[in-house]
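Structure data follow from structure.txt (compact mmCIF, C-alpha atoms):
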# COMPACT_ATOMS: atom_id res chain seq x y z
CA GLU A 1 193.01 187.17 144.08
CA ASN A 2 189.42 188.33 143.77
CA LYS A 3 189.10 189.24 147.46
CA PRO A 4 186.69 192.00 148.52
CA VAL A 5 188.34 195.38 149.09
CA GLY A 6 185.39 196.93 150.84
CA ILE A 7 181.71 196.68 151.62
CA LEU A 8 179.02 199.31 151.17
CA SER A 9 175.94 199.52 153.35
CA ILE A 10 173.12 202.01 153.63
CA THR A 11 174.72 203.14 156.88
CA ASP A 12 177.95 204.02 155.03
CA ILE A 13 176.00 206.03 152.45
CA MET A 14 174.02 207.86 155.13
CA GLN A 15 177.09 208.73 157.21
CA LYS A 16 179.62 209.52 154.50
CA VAL A 17 177.36 211.13 151.93
CA VAL A 18 173.97 212.26 153.21
CA ILE A 19 174.80 213.39 156.76
CA ALA A 20 178.12 214.85 155.62
CA GLU A 21 176.15 216.77 152.94
CA LYS A 22 178.40 215.60 150.12
CA ASN A 23 177.39 215.78 146.47
CA VAL A 24 176.09 212.29 145.74
CA ALA A 25 176.84 212.67 142.02
CA GLU A 26 180.54 213.09 142.77
CA PHE A 27 180.83 210.22 145.25
CA THR A 28 182.03 206.76 144.20
CA VAL A 29 181.53 203.43 145.93
CA LYS A 30 185.23 203.52 146.79
CA ASP A 31 184.70 206.84 148.59
CA ALA A 32 181.82 205.59 150.72
CA MET A 33 182.64 201.92 151.34
CA CYS A 34 183.98 200.54 154.58
CA LYS A 35 187.47 199.16 154.00
CA ASP A 36 187.67 197.40 157.37
CA ILE A 37 185.77 194.24 156.39
CA LEU A 38 184.67 191.70 158.96
CA THR A 39 185.00 188.23 157.44
CA TYR A 40 183.76 184.96 158.89
CA ASP A 41 183.89 181.39 157.65
CA ASP A 42 180.46 179.94 156.97
CA ASP A 43 180.69 177.61 159.97
CA THR A 44 181.25 180.45 162.48
CA ALA A 45 178.48 180.82 165.07
CA VAL A 46 176.13 183.67 164.18
CA LYS A 47 176.40 185.10 167.71
CA VAL A 48 180.17 185.51 167.24
CA ALA A 49 179.67 187.55 164.06
CA TYR A 50 176.83 189.52 165.67
CA LYS A 51 178.93 190.48 168.70
CA ALA A 52 181.80 191.63 166.48
CA MET A 53 179.47 193.70 164.29
CA VAL A 54 177.99 195.39 167.36
CA ASP A 55 181.43 195.96 168.94
CA LYS A 56 182.81 197.49 165.73
CA SER A 57 179.62 199.36 164.81
CA VAL A 58 179.24 197.73 161.39
CA VAL A 59 176.06 196.38 159.86
CA THR A 60 177.43 193.91 157.33
CA CYS A 61 180.08 191.20 157.24
CA VAL A 62 181.39 188.91 154.52
CA VAL A 63 180.83 185.16 154.73
CA THR A 64 183.46 182.87 153.22
CA GLU A 65 183.91 179.20 152.46
CA ASN A 66 187.42 177.94 151.75
CA GLU A 67 188.56 181.59 151.74
CA LYS A 68 186.12 182.53 148.93
CA MET A 69 183.23 184.93 149.45
CA VAL A 70 179.93 183.06 149.44
CA GLY A 71 177.62 185.62 151.00
CA VAL A 72 176.92 188.55 153.26
CA LEU A 73 175.47 188.58 156.77
CA THR A 74 173.69 191.72 157.95
CA LEU A 75 173.29 192.80 161.55
CA LYS A 76 169.51 192.59 161.11
CA GLU A 77 169.65 188.99 159.87
CA ALA A 78 172.08 187.98 162.62
CA LEU A 79 169.83 189.50 165.29
CA LYS A 80 166.78 187.80 163.79
CA HIS A 81 168.63 184.46 163.93
CA ILE A 82 169.94 184.70 167.48
CA THR A 83 166.60 185.89 168.89
CA ASN A 84 164.58 183.17 167.17
CA PRO A 85 163.47 180.73 169.91
CA GLU A 86 164.09 177.82 167.53
CA ASN A 87 167.82 178.69 167.46
CA VAL A 88 168.35 179.08 171.21
CA ASN A 89 170.50 176.28 172.68
Could I get this structure in the form of C-alpha cells?
Amino acid sequence: ENKPVGILSITDIMQKVVIAEKNVAEFTVKDAMCKDILTYDDDTAVKVAYKAMVDKSVVTCVVTENEKMVGVLTLKEALKHITNPENVN
C-alpha cells in the first residue's frame, strides 16, 4: 500500500544510537526509526499537530492528502508557524 512504516529524526538517532552508545555502523534505519507515526491530513490546523507532537514527545509528523503522504511537518516548523503574528487569528 506504500504507507510509511516509520519516521527517522535526528532525535531518534541521538537517543537510540549516540546516547545509548551503540555502534552506528551496525544500526539500521529500522532499528532507530519511530514506528508510532503521527499522521495528519493537509487541511488539519497546524496547532493541532503541534500539540500532539509536544504531548507525544515527537519532532516530526507525516502530512497526507487523500491518504497519501505528501510531506513532513517538523516541530520546529509548526512552532514557527503558530508563533508568526501573521498566522494568529
Report as a tab-separated table: every residue of stretch 13-56 of chain A with an atom at most 8 Å from stretch 76-89 of chain A, its closest pair of atoms, and their distance in Å to one decimal, counting only C-alpha atoms, with rows sorted by chain and ascending residue number.
residue	atom	partner	partner_atom	distance
A:Val46	CA	A:Ala78	CA	6.1
A:Lys47	CA	A:Ile82	CA	6.5
A:Ala49	CA	A:Ala78	CA	7.7
A:Tyr50	CA	A:Ala78	CA	5.9
Counting all atoms listed in the file, what is within 12 Å of A:Asp41, bar same-chain residues fewer than 3 positions away, as a list in words?
Leu38, Thr44, Ala45, Val46, Val48, Ala49, Cys61, Val62, Val63, Thr64, Glu65, Asn66, Glu67, Lys68, Met69, Val70, Gly71, Val72 and Leu73 of chain A
Export, as an mmCIF file, keeping the file's coordinate frame, the selected residues with C-alpha atoms.
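As a result, selection16.cif now contains:
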data_model
loop_
_atom_site.group_PDB
_atom_site.id
_atom_site.type_symbol
_atom_site.label_atom_id
_atom_site.label_comp_id
_atom_site.auth_asym_id
_atom_site.auth_seq_id
_atom_site.Cartn_x
_atom_site.Cartn_y
_atom_site.Cartn_z
ATOM 1 C CA LEU A 38 184.670 191.700 158.960
ATOM 2 C CA THR A 44 181.250 180.450 162.480
ATOM 3 C CA ALA A 45 178.480 180.820 165.070
ATOM 4 C CA VAL A 46 176.130 183.670 164.180
ATOM 5 C CA VAL A 48 180.170 185.510 167.240
ATOM 6 C CA ALA A 49 179.670 187.550 164.060
ATOM 7 C CA CYS A 61 180.080 191.200 157.240
ATOM 8 C CA VAL A 62 181.390 188.910 154.520
ATOM 9 C CA VAL A 63 180.830 185.160 154.730
ATOM 10 C CA THR A 64 183.460 182.870 153.220
ATOM 11 C CA GLU A 65 183.910 179.200 152.460
ATOM 12 C CA ASN A 66 187.420 177.940 151.750
ATOM 13 C CA GLU A 67 188.560 181.590 151.740
ATOM 14 C CA LYS A 68 186.120 182.530 148.930
ATOM 15 C CA MET A 69 183.230 184.930 149.450
ATOM 16 C CA VAL A 70 179.930 183.060 149.440
ATOM 17 C CA GLY A 71 177.620 185.620 151.000
ATOM 18 C CA VAL A 72 176.920 188.550 153.260
ATOM 19 C CA LEU A 73 175.470 188.580 156.770
#
Extract, using only C-alpha atoms, all DNA, RNA and protein residues at most 12 Å from A:Ser57, discarding same-chain residues fewer than 6 positions from it, and format them as a PyMOL selection string.
chain A and resi 11-12+34+36-38+49-51+74-75
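Put simply, atom CA of A:Ile7 is 15.7 Å away from atom CA of A:Ala52.
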Please indicate the distance in Å from atom CA of A:Val29 to atom CA of A:Gln15, rounded to one decimal place.
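Atom-to-atom, atom CA of A:Val29 to atom CA of A:Gln15, that is 13.2 Å.
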Point out the residue among A:Met33, A:Val59, A:Ala25, A:Met53 with the least atom-to-atom distance to A:Gly6, counting only C-alpha atoms.
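With only C-alpha atoms as the atom set, the closest residue is A:Met33.
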Between atom CA of A:Leu8 and atom CA of A:Lys30, what is the distance, to one decimal in Å?
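Atom-to-atom, atom CA of A:Leu8 to atom CA of A:Lys30, that is 8.7 Å.
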Start from the incomplete input, build N, CA, C and O atoms for stretch 42-67 of chain A, and deliver everything as an mmCIF file, in the frame of the given file.
data_model
loop_
_atom_site.group_PDB
_atom_site.id
_atom_site.type_symbol
_atom_site.label_atom_id
_atom_site.label_comp_id
_atom_site.auth_asym_id
_atom_site.auth_seq_id
_atom_site.Cartn_x
_atom_site.Cartn_y
_atom_site.Cartn_z
ATOM 1 N N ASP A 42 181.875 180.280 156.915
ATOM 2 C CA ASP A 42 180.460 179.940 156.970
ATOM 3 C C ASP A 42 180.073 179.024 158.130
ATOM 4 O O ASP A 42 178.892 178.889 158.444
ATOM 5 N N ASP A 43 181.037 178.444 158.809
ATOM 6 C CA ASP A 43 180.690 177.610 159.970
ATOM 7 C C ASP A 43 180.882 178.340 161.307
ATOM 8 O O ASP A 43 180.766 177.740 162.374
ATOM 9 N N THR A 44 181.131 179.631 161.262
ATOM 10 C CA THR A 44 181.250 180.450 162.480
ATOM 11 C C THR A 44 179.862 180.644 163.083
ATOM 12 O O THR A 44 178.886 180.857 162.354
ATOM 13 N N ALA A 45 179.763 180.589 164.396
ATOM 14 C CA ALA A 45 178.480 180.820 165.070
ATOM 15 C C ALA A 45 177.997 182.242 164.786
ATOM 16 O O ALA A 45 178.778 183.195 164.840
ATOM 17 N N VAL A 46 176.709 182.367 164.504
ATOM 18 C CA VAL A 46 176.130 183.670 164.180
ATOM 19 C C VAL A 46 176.348 184.658 165.325
ATOM 20 O O VAL A 46 176.643 185.831 165.108
ATOM 21 N N LYS A 47 176.235 184.184 166.571
ATOM 22 C CA LYS A 47 176.400 185.100 167.710
ATOM 23 C C LYS A 47 177.804 185.690 167.773
ATOM 24 O O LYS A 47 177.987 186.811 168.239
ATOM 25 N N VAL A 48 178.796 184.986 167.278
ATOM 26 C CA VAL A 48 180.170 185.510 167.240
ATOM 27 C C VAL A 48 180.244 186.674 166.249
ATOM 28 O O VAL A 48 180.794 187.738 166.558
ATOM 29 N N ALA A 49 179.683 186.481 165.070
ATOM 30 C CA ALA A 49 179.670 187.550 164.060
ATOM 31 C C ALA A 49 178.845 188.736 164.552
ATOM 32 O O ALA A 49 179.242 189.891 164.401
ATOM 33 N N TYR A 50 177.700 188.455 165.148
ATOM 34 C CA TYR A 50 176.830 189.520 165.670
ATOM 35 C C TYR A 50 177.557 190.374 166.699
ATOM 36 O O TYR A 50 177.542 191.600 166.626
ATOM 37 N N LYS A 51 178.211 189.731 167.655
ATOM 38 C CA LYS A 51 178.930 190.480 168.700
ATOM 39 C C LYS A 51 180.009 191.361 168.087
ATOM 40 O O LYS A 51 180.164 192.524 168.462
ATOM 41 N N ALA A 52 180.742 190.840 167.125
ATOM 42 C CA ALA A 52 181.800 191.630 166.480
ATOM 43 C C ALA A 52 181.212 192.815 165.719
ATOM 44 O O ALA A 52 181.762 193.919 165.773
ATOM 45 N N MET A 53 180.096 192.594 165.024
ATOM 46 C CA MET A 53 179.470 193.700 164.290
ATOM 47 C C MET A 53 179.010 194.792 165.241
ATOM 48 O O MET A 53 179.217 195.977 164.979
ATOM 49 N N VAL A 54 178.422 194.405 166.367
ATOM 50 C CA VAL A 54 177.990 195.390 167.360
ATOM 51 C C VAL A 54 179.199 196.114 167.944
ATOM 52 O O VAL A 54 179.223 197.344 168.037
ATOM 53 N N ASP A 55 180.226 195.363 168.338
ATOM 54 C CA ASP A 55 181.430 195.960 168.940
ATOM 55 C C ASP A 55 182.125 196.934 168.002
ATOM 56 O O ASP A 55 182.670 197.947 168.440
ATOM 57 N N LYS A 56 182.117 196.640 166.699
ATOM 58 C CA LYS A 56 182.810 197.490 165.730
ATOM 59 C C LYS A 56 181.883 198.459 165.007
ATOM 60 O O LYS A 56 182.304 199.175 164.103
ATOM 61 N N SER A 57 180.622 198.461 165.398
ATOM 62 C CA SER A 57 179.620 199.360 164.810
ATOM 63 C C SER A 57 179.521 199.229 163.294
ATOM 64 O O SER A 57 179.503 200.214 162.565
ATOM 65 N N VAL A 58 179.460 197.982 162.819
ATOM 66 C CA VAL A 58 179.240 197.730 161.390
ATOM 67 C C VAL A 58 177.958 196.931 161.235
ATOM 68 O O VAL A 58 177.522 196.244 162.159
ATOM 69 N N VAL A 59 177.344 197.043 160.069
ATOM 70 C CA VAL A 59 176.060 196.380 159.860
ATOM 71 C C VAL A 59 176.128 195.225 158.874
ATOM 72 O O VAL A 59 175.123 194.569 158.633
ATOM 73 N N THR A 60 177.299 194.959 158.328
ATOM 74 C CA THR A 60 177.430 193.910 157.330
ATOM 75 C C THR A 60 178.790 193.234 157.461
ATOM 76 O O THR A 60 179.795 193.896 157.691
ATOM 77 N N CYS A 61 178.806 191.910 157.291
ATOM 78 C CA CYS A 61 180.080 191.200 157.240
ATOM 79 C C CYS A 61 180.059 190.206 156.084
ATOM 80 O O CYS A 61 178.996 189.799 155.609
ATOM 81 N N VAL A 62 181.236 189.839 155.641
ATOM 82 C CA VAL A 62 181.390 188.910 154.520
ATOM 83 C C VAL A 62 181.476 187.489 155.057
ATOM 84 O O VAL A 62 182.134 187.234 156.060
ATOM 85 N N VAL A 63 180.805 186.578 154.369
ATOM 86 C CA VAL A 63 180.830 185.160 154.730
ATOM 87 C C VAL A 63 181.659 184.434 153.671
ATOM 88 O O VAL A 63 181.463 184.639 152.470
ATOM 89 N N THR A 64 182.587 183.592 154.136
ATOM 90 C CA THR A 64 183.460 182.870 153.220
ATOM 91 C C THR A 64 183.355 181.363 153.423
ATOM 92 O O THR A 64 182.935 180.891 154.470
ATOM 93 N N GLU A 65 183.766 180.658 152.386
ATOM 94 C CA GLU A 65 183.910 179.200 152.460
ATOM 95 C C GLU A 65 185.183 178.880 151.696
ATOM 96 O O GLU A 65 185.328 179.281 150.535
ATOM 97 N N ASN A 66 186.104 178.215 152.360
ATOM 98 C CA ASN A 66 187.420 177.940 151.750
ATOM 99 C C ASN A 66 188.062 179.215 151.223
ATOM 100 O O ASN A 66 188.585 179.252 150.113
ATOM 101 N N GLU A 67 187.960 180.288 152.026
ATOM 102 C CA GLU A 67 188.560 181.590 151.740
ATOM 103 C C GLU A 67 187.961 182.309 150.526
ATOM 104 O O GLU A 67 188.515 183.287 150.033
#
